[in-house]
$ cat final_35.tsv   # TSV, C-alpha atoms and all ligand atoms
chain	number	residue	atom	x	y	z
X	1	MET	CA	-89.48	-37.55	250.53
X	2	ARG	CA	-90.50	-40.03	247.84
X	3	SER	CA	-88.70	-40.44	244.53
X	4	ALA	CA	-90.76	-39.49	241.50
X	5	LYS	CA	-89.86	-42.89	240.07
X	6	ASP	CA	-91.58	-44.66	242.98
X	7	PHE	CA	-94.82	-42.81	242.58
X	8	PHE	CA	-96.27	-45.25	240.08
X	9	LYS	CA	-95.07	-48.41	241.80
X	10	PRO	CA	-97.76	-50.43	243.65
X	11	LEU	CA	-97.70	-49.90	247.42
X	12	ALA	CA	-98.07	-53.63	248.12
X	13	VAL	CA	-96.69	-56.74	246.46
X	14	GLY	CA	-99.31	-58.03	244.03
X	15	ALA	CA	-101.39	-54.83	243.94
X	16	PRO	CA	-102.32	-53.41	240.53
X	17	GLU	CA	-100.19	-50.67	239.02
X	18	PRO	CA	-101.35	-47.14	239.86
X	19	VAL	CA	-103.07	-45.20	237.07
X	20	ARG	CA	-101.12	-42.44	235.30
X	21	ASP	CA	-104.15	-40.38	234.31
X	22	ILE	CA	-107.61	-40.02	235.76
X	23	PRO	CA	-110.05	-41.05	233.05
X	24	PHE	CA	-112.82	-38.52	232.47
X	25	ARG	CA	-116.11	-40.35	232.51
X	26	PRO	CA	-119.46	-38.52	232.50
X	27	SER	CA	-119.88	-37.49	236.13
X	28	ARG	CA	-122.70	-34.96	236.21
X	29	MET	CA	-124.29	-36.34	239.34
X	30	ILE	CA	-123.10	-38.56	242.18
X	31	HIS	CA	-126.43	-39.99	243.27
X	32	PHE	CA	-126.47	-41.00	246.94
X	33	PHE	CA	-128.50	-43.94	248.21
X	34	PRO	CA	-128.61	-45.53	251.69
X	35	PRO	CA	-127.83	-49.24	251.21
X	36	SER	CA	-129.28	-50.08	254.64
X	37	ASN	CA	-132.75	-49.28	253.29
X	38	ALA	CA	-134.09	-52.40	251.55
X	39	LYS	CA	-136.68	-50.36	249.63
X	40	MET	CA	-133.93	-48.15	248.17
X	41	VAL	CA	-131.74	-51.16	247.36
X	42	ALA	CA	-134.67	-52.69	245.44
X	43	LYS	CA	-134.86	-49.51	243.33
X	44	VAL	CA	-131.16	-49.53	242.36
X	45	PRO	CA	-131.62	-51.42	239.04
X	46	GLU	CA	-134.18	-48.80	238.00
X	47	ILE	CA	-132.13	-45.76	239.13
X	48	ALA	CA	-128.67	-46.89	237.97
X	49	PRO	CA	-129.21	-46.31	234.22
X	50	THR	CA	-130.53	-42.77	234.91
X	51	VAL	CA	-127.40	-41.48	236.66
X	52	ASP	CA	-123.71	-41.15	235.82
X	53	ILE	CA	-122.53	-42.27	239.27
X	54	LEU	CA	-124.40	-44.22	241.93
X	55	LEU	CA	-122.94	-44.00	245.44
X	56	GLY	CA	-123.73	-46.30	248.34
X	57	ASN	CA	-123.46	-44.03	251.37
X	58	LEU	CA	-122.16	-45.57	254.57
X	59	GLU	CA	-121.27	-42.36	256.44
X	60	ASP	CA	-123.34	-39.42	257.74
X	61	GLY	CA	-127.06	-39.87	257.24
X	62	VAL	CA	-126.82	-43.58	258.11
X	63	PRO	CA	-127.62	-44.11	261.82
X	64	ALA	CA	-124.93	-45.84	263.89
X	65	SER	CA	-127.31	-48.78	264.37
X	66	ASP	CA	-127.51	-49.31	260.58
X	67	LYS	CA	-123.80	-49.13	259.68
X	68	GLU	CA	-123.35	-52.89	259.29
X	69	ALA	CA	-126.62	-53.25	257.37
X	70	ALA	CA	-125.54	-50.45	255.00
X	71	ARG	CA	-122.23	-52.16	254.30
X	72	ALA	CA	-124.01	-55.50	253.68
X	73	GLY	CA	-126.61	-53.79	251.46
X	74	LEU	CA	-123.89	-52.30	249.29
X	75	VAL	CA	-122.14	-55.67	248.99
X	76	GLU	CA	-125.45	-57.12	247.79
X	77	VAL	CA	-125.83	-54.35	245.20
X	78	GLY	CA	-122.26	-54.87	243.99
X	79	LYS	CA	-122.81	-58.61	243.64
X	80	THR	CA	-126.25	-58.61	242.07
X	81	VAL	CA	-126.90	-55.44	240.06
X	82	ASP	CA	-125.57	-54.98	236.53
X	83	MET	CA	-124.47	-51.35	236.55
X	84	GLY	CA	-123.92	-51.12	232.78
X	85	THR	CA	-121.76	-48.04	232.16
X	86	THR	CA	-122.85	-46.33	235.40
X	87	GLN	CA	-120.04	-45.97	237.94
X	88	LEU	CA	-120.49	-47.52	241.39
X	89	TRP	CA	-118.92	-45.54	244.24
X	90	THR	CA	-119.08	-45.72	248.00
X	91	ARG	CA	-118.66	-43.13	250.74
X	92	ILE	CA	-116.96	-44.92	253.62
X	93	ASN	CA	-117.08	-43.82	257.23
X	94	SER	CA	-114.43	-41.34	258.35
X	95	LEU	CA	-110.93	-42.54	259.18
X	96	ASP	CA	-111.40	-41.90	262.92
X	97	SER	CA	-114.66	-43.88	263.12
X	98	PRO	CA	-115.05	-47.44	264.41
X	99	TRP	CA	-116.44	-48.56	261.01
X	100	CYS	CA	-113.89	-47.35	258.45
X	101	LEU	CA	-111.50	-50.30	258.59
X	102	ASP	CA	-114.29	-52.86	258.19
X	103	ASP	CA	-115.87	-50.75	255.42
X	104	LEU	CA	-112.67	-50.93	253.36
X	105	THR	CA	-111.82	-54.53	254.22
X	106	THR	CA	-115.29	-55.83	253.41
X	107	LEU	CA	-115.96	-53.75	250.32
X	108	VAL	CA	-112.60	-54.30	248.62
X	109	GLY	CA	-112.65	-58.00	249.52
X	110	GLU	CA	-116.25	-58.62	248.42
X	111	ILE	CA	-116.95	-56.18	245.57
X	112	GLY	CA	-113.61	-54.48	244.84
X	113	ASP	CA	-113.93	-55.42	241.17
X	114	GLN	CA	-117.33	-53.67	240.94
X	115	LEU	CA	-116.39	-50.43	242.70
X	116	ASP	CA	-114.84	-47.56	240.78
X	117	VAL	CA	-114.14	-44.95	243.45
X	118	VAL	CA	-113.98	-44.78	247.26
X	119	MET	CA	-115.09	-41.42	248.62
X	120	VAL	CA	-113.28	-40.58	251.85
X	121	PRO	CA	-114.96	-37.99	254.09
X	122	LYS	CA	-113.32	-35.39	256.34
X	123	VAL	CA	-109.89	-35.63	254.73
X	124	GLU	CA	-107.59	-33.22	256.55
X	125	GLY	CA	-104.24	-33.66	254.88
X	126	PRO	CA	-102.05	-35.89	252.68
X	127	GLU	CA	-101.43	-38.28	255.60
X	128	ASP	CA	-105.08	-39.39	255.41
X	129	ILE	CA	-104.71	-40.24	251.72
X	130	HIS	CA	-101.40	-42.04	252.35
X	131	TYR	CA	-103.11	-44.26	254.92
X	132	VAL	CA	-105.97	-45.16	252.55
X	133	ASP	CA	-103.54	-45.56	249.63
X	134	ARG	CA	-101.42	-48.22	251.34
X	135	LEU	CA	-104.37	-50.02	252.86
X	136	LEU	CA	-106.16	-50.19	249.50
X	137	ALA	CA	-103.01	-51.60	247.88
X	138	GLN	CA	-102.83	-54.35	250.52
X	139	LEU	CA	-106.50	-55.18	250.16
X	140	GLU	CA	-106.36	-55.11	246.36
X	141	ALA	CA	-103.43	-57.53	246.42
X	142	LYS	CA	-105.29	-59.84	248.79
X	143	ALA	CA	-108.43	-59.74	246.63
X	144	GLY	CA	-106.45	-60.27	243.42
X	145	LEU	CA	-107.80	-57.10	241.80
X	146	THR	CA	-106.35	-56.09	238.46
X	147	GLU	CA	-107.50	-52.43	238.44
X	148	PRO	CA	-106.71	-50.00	241.24
X	149	LEU	CA	-109.56	-48.34	243.10
X	150	LEU	CA	-109.56	-44.56	242.87
X	151	VAL	CA	-110.01	-42.18	245.80
X	152	HIS	CA	-112.23	-39.11	246.05
X	153	ALA	CA	-111.84	-36.81	249.07
X	154	ILE	CA	-114.48	-34.55	250.60
X	155	LEU	CA	-113.21	-31.10	251.50
X	156	GLU	CA	-115.08	-30.45	254.70
X	157	THR	CA	-112.69	-29.13	257.32
X	158	ALA	CA	-110.69	-25.93	257.47
X	159	ARG	CA	-107.48	-27.97	257.66
X	160	GLY	CA	-108.52	-29.89	254.58
X	161	VAL	CA	-109.06	-26.64	252.68
X	162	ALA	CA	-105.69	-25.28	253.89
X	163	ASN	CA	-104.01	-28.51	252.66
X	164	VAL	CA	-106.03	-28.89	249.47
X	165	GLU	CA	-103.07	-28.95	247.05
X	166	GLU	CA	-101.20	-31.56	249.12
X	167	ILE	CA	-104.33	-33.72	249.31
X	168	CYS	CA	-104.74	-33.67	245.52
X	169	ALA	CA	-101.05	-34.55	245.07
X	170	ALA	CA	-100.95	-37.30	247.71
X	171	SER	CA	-101.52	-40.33	245.45
X	172	PRO	CA	-101.98	-41.30	241.80
X	173	ARG	CA	-105.29	-42.74	243.03
X	174	MET	CA	-106.71	-39.27	243.67
X	175	GLN	CA	-109.70	-38.97	241.33
X	176	GLY	CA	-111.34	-35.80	242.58
X	177	LEU	CA	-112.69	-33.65	245.38
X	178	SER	CA	-116.17	-32.66	246.52
X	179	LEU	CA	-117.03	-29.61	248.55
X	180	GLY	CA	-118.76	-30.67	251.78
X	181	PRO	CA	-120.48	-27.45	252.83
X	182	ALA	CA	-122.32	-28.83	255.85
X	183	ASP	CA	-119.35	-30.24	257.76
X	184	LEU	CA	-117.13	-27.42	256.53
X	185	ALA	CA	-119.53	-24.80	257.89
X	186	ALA	CA	-119.57	-26.53	261.28
X	187	ASN	CA	-115.80	-26.94	261.39
X	188	ARG	CA	-115.22	-23.30	260.46
X	189	ARG	CA	-117.78	-22.11	263.00
X	190	MET	CA	-119.80	-20.46	260.25
X	191	LYS	CA	-123.18	-19.49	261.68
X	192	THR	CA	-125.36	-21.36	259.21
X	193	THR	CA	-127.72	-24.25	259.87
X	194	ARG	CA	-128.19	-25.62	256.34
X	195	VAL	CA	-126.65	-28.12	253.93
X	196	GLY	CA	-125.13	-25.98	251.17
X	197	GLY	CA	-126.58	-23.02	249.34
X	198	GLY	CA	-126.53	-19.34	250.24
X	199	HIS	CA	-127.66	-17.38	253.27
X	200	PRO	CA	-129.77	-14.20	253.19
X	201	GLY	CA	-127.54	-12.62	255.85
X	202	TYR	CA	-124.38	-12.87	253.73
X	203	LEU	CA	-124.78	-9.81	251.55
X	204	VAL	CA	-123.49	-6.46	250.41
X	205	ARG	CA	-125.65	-3.36	250.57
X	206	HIS	CA	-125.79	-0.53	248.09
X	207	ASP	CA	-124.40	2.84	249.31
X	208	PRO	CA	-127.01	5.29	250.65
X	209	ASP	CA	-128.41	7.81	248.18
X	210	PRO	CA	-126.93	11.18	249.40
X	211	ALA	CA	-130.13	12.91	248.28
X	212	ASP	CA	-132.33	10.46	250.19
X	213	PRO	CA	-130.20	8.74	252.86
X	214	ASP	CA	-133.19	7.05	254.50
X	215	ALA	CA	-134.48	5.41	251.31
X	216	PRO	CA	-134.36	1.60	251.26
X	217	ARG	CA	-131.04	0.34	249.89
X	218	ILE	CA	-130.76	-2.64	247.57
X	219	THR	CA	-128.85	-5.65	248.91
X	220	TYR	CA	-127.17	-8.43	246.95
X	221	GLN	CA	-126.85	-11.88	248.46
X	222	GLN	CA	-123.32	-13.26	248.05
X	223	ASP	CA	-122.09	-16.81	247.51
X	224	LEU	CA	-120.73	-18.26	250.77
X	225	TRP	CA	-118.85	-20.99	248.85
X	226	HIS	CA	-117.13	-19.04	246.12
X	227	TYR	CA	-113.69	-18.88	247.73
X	228	THR	CA	-113.56	-22.55	248.62
X	229	MET	CA	-114.88	-23.74	245.26
X	230	ALA	CA	-112.40	-21.62	243.34
X	231	ARG	CA	-109.51	-22.97	245.45
X	232	MET	CA	-110.75	-26.51	245.03
X	233	VAL	CA	-111.06	-26.16	241.24
X	234	ASP	CA	-107.53	-24.77	240.88
X	235	ALA	CA	-106.04	-27.50	243.08
X	236	CYS	CA	-107.85	-30.23	241.13
X	237	VAL	CA	-106.92	-28.90	237.71
X	238	MET	CA	-103.30	-28.47	238.79
X	239	HIS	CA	-103.21	-32.19	239.66
X	240	GLY	CA	-105.33	-33.53	236.78
X	241	ILE	CA	-108.28	-34.57	238.95
X	242	LEU	CA	-111.99	-33.64	238.96
X	243	PRO	CA	-113.81	-31.09	241.17
X	244	PHE	CA	-117.46	-31.53	242.25
X	245	TYR	CA	-119.93	-29.44	244.22
X	246	GLY	CA	-121.41	-31.52	247.08
X	247	PRO	CA	-124.89	-31.63	248.62
X	248	PHE	CA	-127.79	-29.16	248.43
X	249	GLY	CA	-130.08	-30.03	251.31
X	250	ASP	CA	-133.20	-27.98	250.56
X	251	ILE	CA	-134.77	-30.56	248.26
X	252	ALA	CA	-137.94	-28.50	247.71
X	253	ASP	CA	-135.96	-25.44	246.56
X	254	THR	CA	-135.15	-26.69	243.08
X	255	VAL	CA	-134.49	-23.16	241.81
X	256	ALA	CA	-131.72	-22.40	244.33
X	257	CYS	CA	-130.31	-25.89	243.85
X	258	GLU	CA	-130.04	-25.24	240.12
X	259	ASP	CA	-128.32	-21.90	240.80
X	260	GLN	CA	-125.80	-23.48	243.18
X	261	PHE	CA	-125.06	-26.28	240.71
X	262	ARG	CA	-124.69	-23.77	237.86
X	263	ASN	CA	-122.22	-21.64	239.81
X	264	ALA	CA	-120.15	-24.80	240.28
X	265	TYR	CA	-120.46	-25.75	236.60
X	266	LEU	CA	-119.40	-22.30	235.42
X	267	LEU	CA	-116.42	-22.28	237.80
X	268	GLY	CA	-115.15	-25.61	236.42
X	269	CYS	CA	-116.81	-28.40	238.41
X	270	VAL	CA	-117.86	-31.53	236.48
X	271	GLY	CA	-120.83	-32.49	238.66
X	272	ALA	CA	-122.61	-32.34	242.02
X	273	TRP	CA	-124.25	-34.73	244.45
X	274	SER	CA	-127.91	-35.62	244.05
X	275	LEU	CA	-129.67	-36.50	247.28
X	276	HIS	CA	-133.15	-36.94	245.80
X	277	PRO	CA	-134.40	-38.08	242.38
X	278	SER	CA	-135.52	-34.51	241.62
X	279	GLN	CA	-131.89	-33.35	241.80
X	280	ILE	CA	-130.80	-35.89	239.15
X	281	ALA	CA	-132.64	-33.96	236.44
X	282	ILE	CA	-131.23	-30.65	237.73
X	283	ALA	CA	-127.65	-31.92	237.62
X	284	LYS	CA	-128.17	-33.45	234.18
X	285	LYS	CA	-129.47	-30.13	232.85
X	286	VAL	CA	-126.85	-27.93	234.49
X	287	PHE	CA	-123.71	-30.03	233.92
X	288	SER	CA	-124.51	-30.77	230.25
X	289	PRO	CA	-123.47	-27.74	228.19
X	290	ASP	CA	-126.37	-25.64	226.94
X	291	PRO	CA	-127.16	-26.57	223.30
X	292	ALA	CA	-127.03	-22.89	222.25
X	293	ASP	CA	-123.55	-22.57	223.80
X	294	VAL	CA	-122.41	-25.73	222.01
X	295	ALA	CA	-123.70	-24.44	218.66
X	296	ARG	CA	-122.02	-21.05	219.18
X	297	ALA	CA	-118.75	-22.71	220.30
X	298	GLN	CA	-118.76	-24.94	217.22
X	299	ARG	CA	-119.25	-21.89	214.97
X	300	VAL	CA	-116.25	-20.18	216.61
X	301	ILE	CA	-114.11	-23.31	216.19
X	302	ASP	CA	-115.12	-23.63	212.52
X	303	ALA	CA	-114.52	-19.95	211.84
X	304	MET	CA	-111.14	-19.91	213.60
X	305	GLY	CA	-109.51	-22.37	211.18
X	306	ASP	CA	-106.18	-23.43	212.70
X	307	GLY	CA	-107.17	-21.79	216.00
X	308	THR	CA	-104.76	-18.85	215.78
X	309	GLY	CA	-105.32	-15.16	215.04
X	310	ALA	CA	-108.42	-13.07	215.67
X	311	ILE	CA	-111.80	-12.82	213.94
X	312	MET	CA	-115.07	-10.94	214.44
X	313	LEU	CA	-118.16	-13.16	214.73
X	314	ASP	CA	-121.56	-11.52	215.38
X	315	GLY	CA	-119.79	-8.39	216.59
X	316	LYS	CA	-117.59	-10.28	219.07
X	317	MET	CA	-113.82	-10.66	218.95
X	318	GLU	CA	-112.67	-14.28	219.08
X	319	ASP	CA	-109.03	-15.35	219.29
X	320	ASP	CA	-106.73	-18.22	220.32
X	321	ALA	CA	-107.95	-18.05	223.94
X	322	SER	CA	-111.66	-17.97	223.18
X	323	VAL	CA	-111.37	-20.88	220.75
X	324	LYS	CA	-109.76	-22.88	223.58
X	325	GLN	CA	-112.80	-22.17	225.79
X	326	CYS	CA	-115.07	-23.21	222.93
X	327	LYS	CA	-113.17	-26.49	222.62
X	328	VAL	CA	-113.76	-27.19	226.32
X	329	VAL	CA	-117.52	-26.77	225.82
X	330	VAL	CA	-117.73	-28.81	222.60
X	331	GLY	CA	-115.35	-31.46	223.99
X	332	LEU	CA	-117.56	-31.93	227.07
X	333	ALA	CA	-120.69	-32.06	224.92
X	334	ARG	CA	-119.11	-34.81	222.79
X	335	GLN	CA	-117.96	-36.83	225.82
X	336	LEU	CA	-121.43	-36.68	227.37
X	337	SER	CA	-123.08	-37.53	224.04
X	338	ASP	CA	-121.11	-40.76	223.82
X	339	ARG	CA	-123.04	-41.95	226.87
X	340	ASP	CA	-126.33	-40.14	226.28
X	341	PRO	CA	-127.84	-40.55	222.77
X	342	GLU	CA	-130.64	-38.11	223.63
X	343	LEU	CA	-128.02	-35.39	224.23
X	344	ALA	CA	-126.19	-36.32	221.03
X	345	SER	CA	-129.33	-35.66	219.02
X	346	ILE	CA	-130.02	-32.37	220.87
X	347	TYR	CA	-126.50	-31.22	220.01
X	348	GLY	CA	-126.85	-32.49	216.44
X	349	PHE	CA	-123.76	-34.76	216.67
K	401	LIG	C1	-121.10	-33.41	253.13
K	401	LIG	O1	-120.71	-34.44	253.56
K	401	LIG	C2	-121.16	-32.20	253.86
K	401	LIG	O2	-120.75	-32.24	255.04
K	401	LIG	O3	-121.58	-31.18	253.30
K	402	MG	MG	-120.03	-34.23	255.56

$ encode --input "final_35.tsv" --output "structure tokens"
Amino acid sequence: MRSAKDFFKPLAVGAPEPVRDIPFRPSRMIHFFPPSNAKMVAKVPEIAPTVDILLGNLEDGVPASDKEAARAGLVEVGKTVDMGTTQLWTRINSLDSPWCLDDLTTLVGEIGDQLDVVMVPKVEGPEDIHYVDRLLAQLEAKAGLTEPLLVHAILETARGVANVEEICAASPRMQGLSLGPADLAANRRMKTTRVGGGHPGYLVRHDPDPADPDAPRITYQQDLWHYTMARMVDACVMHGILPFYGPFGDIADTVACEDQFRNAYLLGCVGAWSLHPSQIAIAKKVFSPDPADVARAQRVIDAMGDGTGAIMLDGKMEDDASVKQCKVVVGLARQLSDRDPELASIYGF
């Protein structure tokens, strides 16, 4: 057991002090790019200002033969591209891979001052975070960094889901979690073959009509990810960190992507991954509160005065609890507007 007083002490001599709170920065999309692809690297200066987070992916999706090139490509981006206010993240290879140690050593040593967050895939329990936590502290000390790197874990194994609260609590570095539906489906032996989204076979069927038992019965497709997302959101909020939906692989199906992202937004997630430029616009739309909702929420806040009691507004009862929800919506709209002047003018701030 660790004393509460030790929790905020650096884990290596000379490492920066751990953070006490995770700063909320606009995080509507984590845009993935493969740094081994020179064409993509050349586009980074153009893409960076259009996204909240740009992530150099070293893990799945990068062939084994390109792992070193991807690492070198990300170092080049970190050293040469001015990211402005856009966050630069990386997804390292998994802890059991032959590349993880060199990923961390090279990236922290070369561009540790440019990176905001290290995404760690296939996290199974707090012991994985403890390993990364100590190693990062040693590398930060060696590199002379003054700000600690934060850690984001992907929830993509059944054990990881079972340990989700302990993972969130494992280090002050924990910044957030993403749902990894593709690896999670495989690990759970779900019988899907896609990257995120629903499945037409996962449904409930309306009862038969007793007067016409053979008539076709309506079915309703269900959300395969609801349980995991709800657990993930609660665990993150409990520990003051940020939940994200992960990838949606059917790039052409922009409608279903928007639906999946919106389910995540409504349940409490702050953003999702974008795997293609077309998904950047979807995430921006979905994870920025709807202007009509912001206007309504502001009216409730104004009408509620000190925020206590109950009022009727347009036939609806509003009270202390609804004004709190309205403050969440308006607060998010204001935070996003600080970074996005176009949004500020849409909201009328
Ligand atoms: C993401 O990494 C996933 O496995 O869905
Ligand atoms: Mg995965």

$ residues_near_ligand --input "final_35.tsv" --ligand "ligand MG 402 (chain K)" --cutoff "8 Å" --atoms "only C-alpha atoms and all ligand atoms" --output "VMD selection string"
chain X and resid 60 121 to 122 154 156 180 to 184

$ residues_near_ligand --input "final_35.tsv" --ligand "ligand LIG 401 (chain K)" --cutoff "12 Å" --atoms "all atoms listed in the file" --output "MDAnalysis selection string"
chainID X and resid 32 57:62 91:94 119:123 153:157 177:188 193:197 225 244:249 272:275

$ closest_residue --input "final_35.tsv" --among "X:Ile30, X:Cys100, X:Cys168, X:Met174" --to "Glu68 (chain X)" --atoms "all atoms listed in the file"
X:Cys100

$ residues_around --input "final_35.tsv" --residues "Ala141 (chain X)" --least-positions-apart "3" --cutoff "6 Å" --atoms "all atoms listed in the file" --output "VMD selection string"
chain X and resid 14 to 15 138 144

$ closest_residue --input "final_35.tsv" --among "X:Leu266, X:Ala169, X:Val13, X:Leu101" --to "Lys142 (chain X)" --atoms "all atoms listed in the file"
X:Val13

$ closest_residue --input "final_35.tsv" --among "X:Glu76, X:Asp116, X:Asp253, X:Asp102" --to "Pro23 (chain X)" --atoms "all atoms listed in the file"
X:Asp116

$ atom_distance --input "final_35.tsv" --atom1 "CA of Asp133 (chain X)" --atom2 "CA of Pro63 (chain X)"
27.0 Å

$ residues_around --input "final_35.tsv" --residues "region 324-341 of chain X" --least-positions-apart "6" --cutoff "12 Å" --atoms "only C-alpha atoms" --output "PyMOL selection string"
chain X and resi 23-28+49-52+84-86+265-266+268-270+284-285+287-304+306-308+318+347-349

$ residues_around --input "final_35.tsv" --residues "Gly78 (chain X)" --least-positions-apart "5" --cutoff "12 Å" --atoms "only C-alpha atoms" --output "list in words"
Pro35, Val41, Val44, Pro45, Ala48, Leu54, Leu55, Gly56, Arg71, Ala72, Gly73, Met83, Gly84, Gln87, Leu88, Trp89, Thr90, Thr106, Leu107, Val108, Gly109, Glu110, Ile111, Gly112, Asp113, Gln114, Leu115 and Asp116 of chain X

$ residues_around --input "final_35.tsv" --residues "Tyr227 (chain X)" --least-positions-apart "2" --cutoff "12 Å" --atoms "all atoms listed in the file" --output "ChimeraX atom specification"
/X:161-162,179,222-225,229-234,263-264,267

$ residues_around --input "final_35.tsv" --residues "Phe8 (chain X)" --least-positions-apart "4" --cutoff "8 Å" --atoms "only C-alpha atoms" --output "VMD selection string"
chain X and resid 17 to 20 172

$ atom_distance --input "final_35.tsv" --atom1 "CA of Lys9 (chain X)" --atom2 "CA of Trp99 (chain X)"
28.7 Å

$ closest_residue --input "final_35.tsv" --among "X:Leu104, X:Leu149, X:Arg262, X:Ala281" --to "Arg173 (chain X)" --atoms "only C-alpha atoms"
X:Leu149

$ atom_distance --input "final_35.tsv" --atom1 "CA of His226 (chain X)" --atom2 "CA of Gly271 (chain X)"
15.8 Å

$ decode --input "final_35.tsv" --residues "region 149-169 of chain X" --atoms "N, CA and C atoms" --output "PDB file, in the first residue's frame"
ATOM      1  N   LEU X 149       4.658  14.016 -18.385  1.00  0.00           N
ATOM      2  CA  LEU X 149       3.802  13.486 -19.457  1.00  0.00           C
ATOM      3  C   LEU X 149       2.587  12.828 -18.825  1.00  0.00           C
ATOM      4  N   LEU X 150       1.456  12.926 -19.492  1.00  0.00           N
ATOM      5  CA  LEU X 150       0.243  12.274 -18.986  1.00  0.00           C
ATOM      6  C   LEU X 150       0.034  10.955 -19.731  1.00  0.00           C
ATOM      7  N   VAL X 151      -0.774  10.083 -19.132  1.00  0.00           N
ATOM      8  CA  VAL X 151      -0.982   8.747 -19.693  1.00  0.00           C
ATOM      9  C   VAL X 151      -2.472   8.521 -19.967  1.00  0.00           C
ATOM     10  N   HIS X 152      -2.735   7.976 -21.149  1.00  0.00           N
ATOM     11  CA  HIS X 152      -4.102   7.647 -21.560  1.00  0.00           C
ATOM     12  C   HIS X 152      -4.113   6.147 -21.857  1.00  0.00           C
ATOM     13  N   ALA X 153      -5.051   5.421 -21.279  1.00  0.00           N
ATOM     14  CA  ALA X 153      -5.080   3.963 -21.475  1.00  0.00           C
ATOM     15  C   ALA X 153      -6.224   3.580 -22.405  1.00  0.00           C
ATOM     16  N   ILE X 154      -5.972   2.584 -23.254  1.00  0.00           N
ATOM     17  CA  ILE X 154      -7.077   2.054 -24.075  1.00  0.00           C
ATOM     18  C   ILE X 154      -7.653   0.846 -23.350  1.00  0.00           C
ATOM     19  N   LEU X 155      -8.984   0.855 -23.262  1.00  0.00           N
ATOM     20  CA  LEU X 155      -9.713  -0.234 -22.616  1.00  0.00           C
ATOM     21  C   LEU X 155     -10.061  -1.222 -23.707  1.00  0.00           C
ATOM     22  N   GLU X 156      -9.289  -2.293 -23.811  1.00  0.00           N
ATOM     23  CA  GLU X 156      -9.508  -3.178 -24.957  1.00  0.00           C
ATOM     24  C   GLU X 156      -9.260  -4.646 -24.637  1.00  0.00           C
ATOM     25  N   THR X 157      -9.356  -4.974 -23.343  1.00  0.00           N
ATOM     26  CA  THR X 157      -9.376  -6.384 -22.964  1.00  0.00           C
ATOM     27  C   THR X 157     -10.422  -6.537 -21.858  1.00  0.00           C
ATOM     28  N   ALA X 158     -10.920  -7.753 -21.713  1.00  0.00           N
ATOM     29  CA  ALA X 158     -11.922  -7.988 -20.667  1.00  0.00           C
ATOM     30  C   ALA X 158     -11.328  -7.705 -19.291  1.00  0.00           C
ATOM     31  N   ARG X 159     -10.046  -8.070 -19.101  1.00  0.00           N
ATOM     32  CA  ARG X 159      -9.414  -7.814 -17.800  1.00  0.00           C
ATOM     33  C   ARG X 159      -9.297  -6.318 -17.551  1.00  0.00           C
ATOM     34  N   GLY X 160      -8.981  -5.580 -18.591  1.00  0.00           N
ATOM     35  CA  GLY X 160      -8.923  -4.127 -18.468  1.00  0.00           C
ATOM     36  C   GLY X 160     -10.271  -3.553 -18.046  1.00  0.00           C
ATOM     37  N   VAL X 161     -11.342  -4.047 -18.648  1.00  0.00           N
ATOM     38  CA  VAL X 161     -12.672  -3.545 -18.271  1.00  0.00           C
ATOM     39  C   VAL X 161     -12.966  -3.930 -16.814  1.00  0.00           C
ATOM     40  N   ALA X 162     -12.642  -5.166 -16.433  1.00  0.00           N
ATOM     41  CA  ALA X 162     -12.905  -5.604 -15.054  1.00  0.00           C
ATOM     42  C   ALA X 162     -12.110  -4.767 -14.051  1.00  0.00           C
ATOM     43  N   ASN X 163     -10.949  -4.247 -14.466  1.00  0.00           N
ATOM     44  CA  ASN X 163     -10.085  -3.471 -13.558  1.00  0.00           C
ATOM     45  C   ASN X 163     -10.168  -1.967 -13.812  1.00  0.00           C
ATOM     46  N   VAL X 164     -11.229  -1.526 -14.468  1.00  0.00           N
ATOM     47  CA  VAL X 164     -11.211  -0.147 -14.977  1.00  0.00           C
ATOM     48  C   VAL X 164     -11.026   0.893 -13.871  1.00  0.00           C
ATOM     49  N   GLU X 165     -11.650   0.703 -12.716  1.00  0.00           N
ATOM     50  CA  GLU X 165     -11.500   1.713 -11.644  1.00  0.00           C
ATOM     51  C   GLU X 165     -10.052   1.764 -11.156  1.00  0.00           C
ATOM     52  N   GLU X 166      -9.427   0.600 -10.986  1.00  0.00           N
ATOM     53  CA  GLU X 166      -8.038   0.559 -10.499  1.00  0.00           C
ATOM     54  C   GLU X 166      -7.087   1.182 -11.521  1.00  0.00           C
ATOM     55  N   ILE X 167      -7.377   1.001 -12.802  1.00  0.00           N
ATOM     56  CA  ILE X 167      -6.530   1.606 -13.842  1.00  0.00           C
ATOM     57  C   ILE X 167      -6.610   3.132 -13.740  1.00  0.00           C
ATOM     58  N   CYS X 168      -7.825   3.644 -13.611  1.00  0.00           N
ATOM     59  CA  CYS X 168      -7.987   5.117 -13.528  1.00  0.00           C
ATOM     60  C   CYS X 168      -7.272   5.675 -12.298  1.00  0.00           C
ATOM     61  N   ALA X 169      -7.246   4.892 -11.217  1.00  0.00           N
ATOM     62  CA  ALA X 169      -6.692   5.381  -9.948  1.00  0.00           C
ATOM     63  C   ALA X 169      -5.191   5.145  -9.830  1.00  0.00           C
TER      64      ALA X 169
END
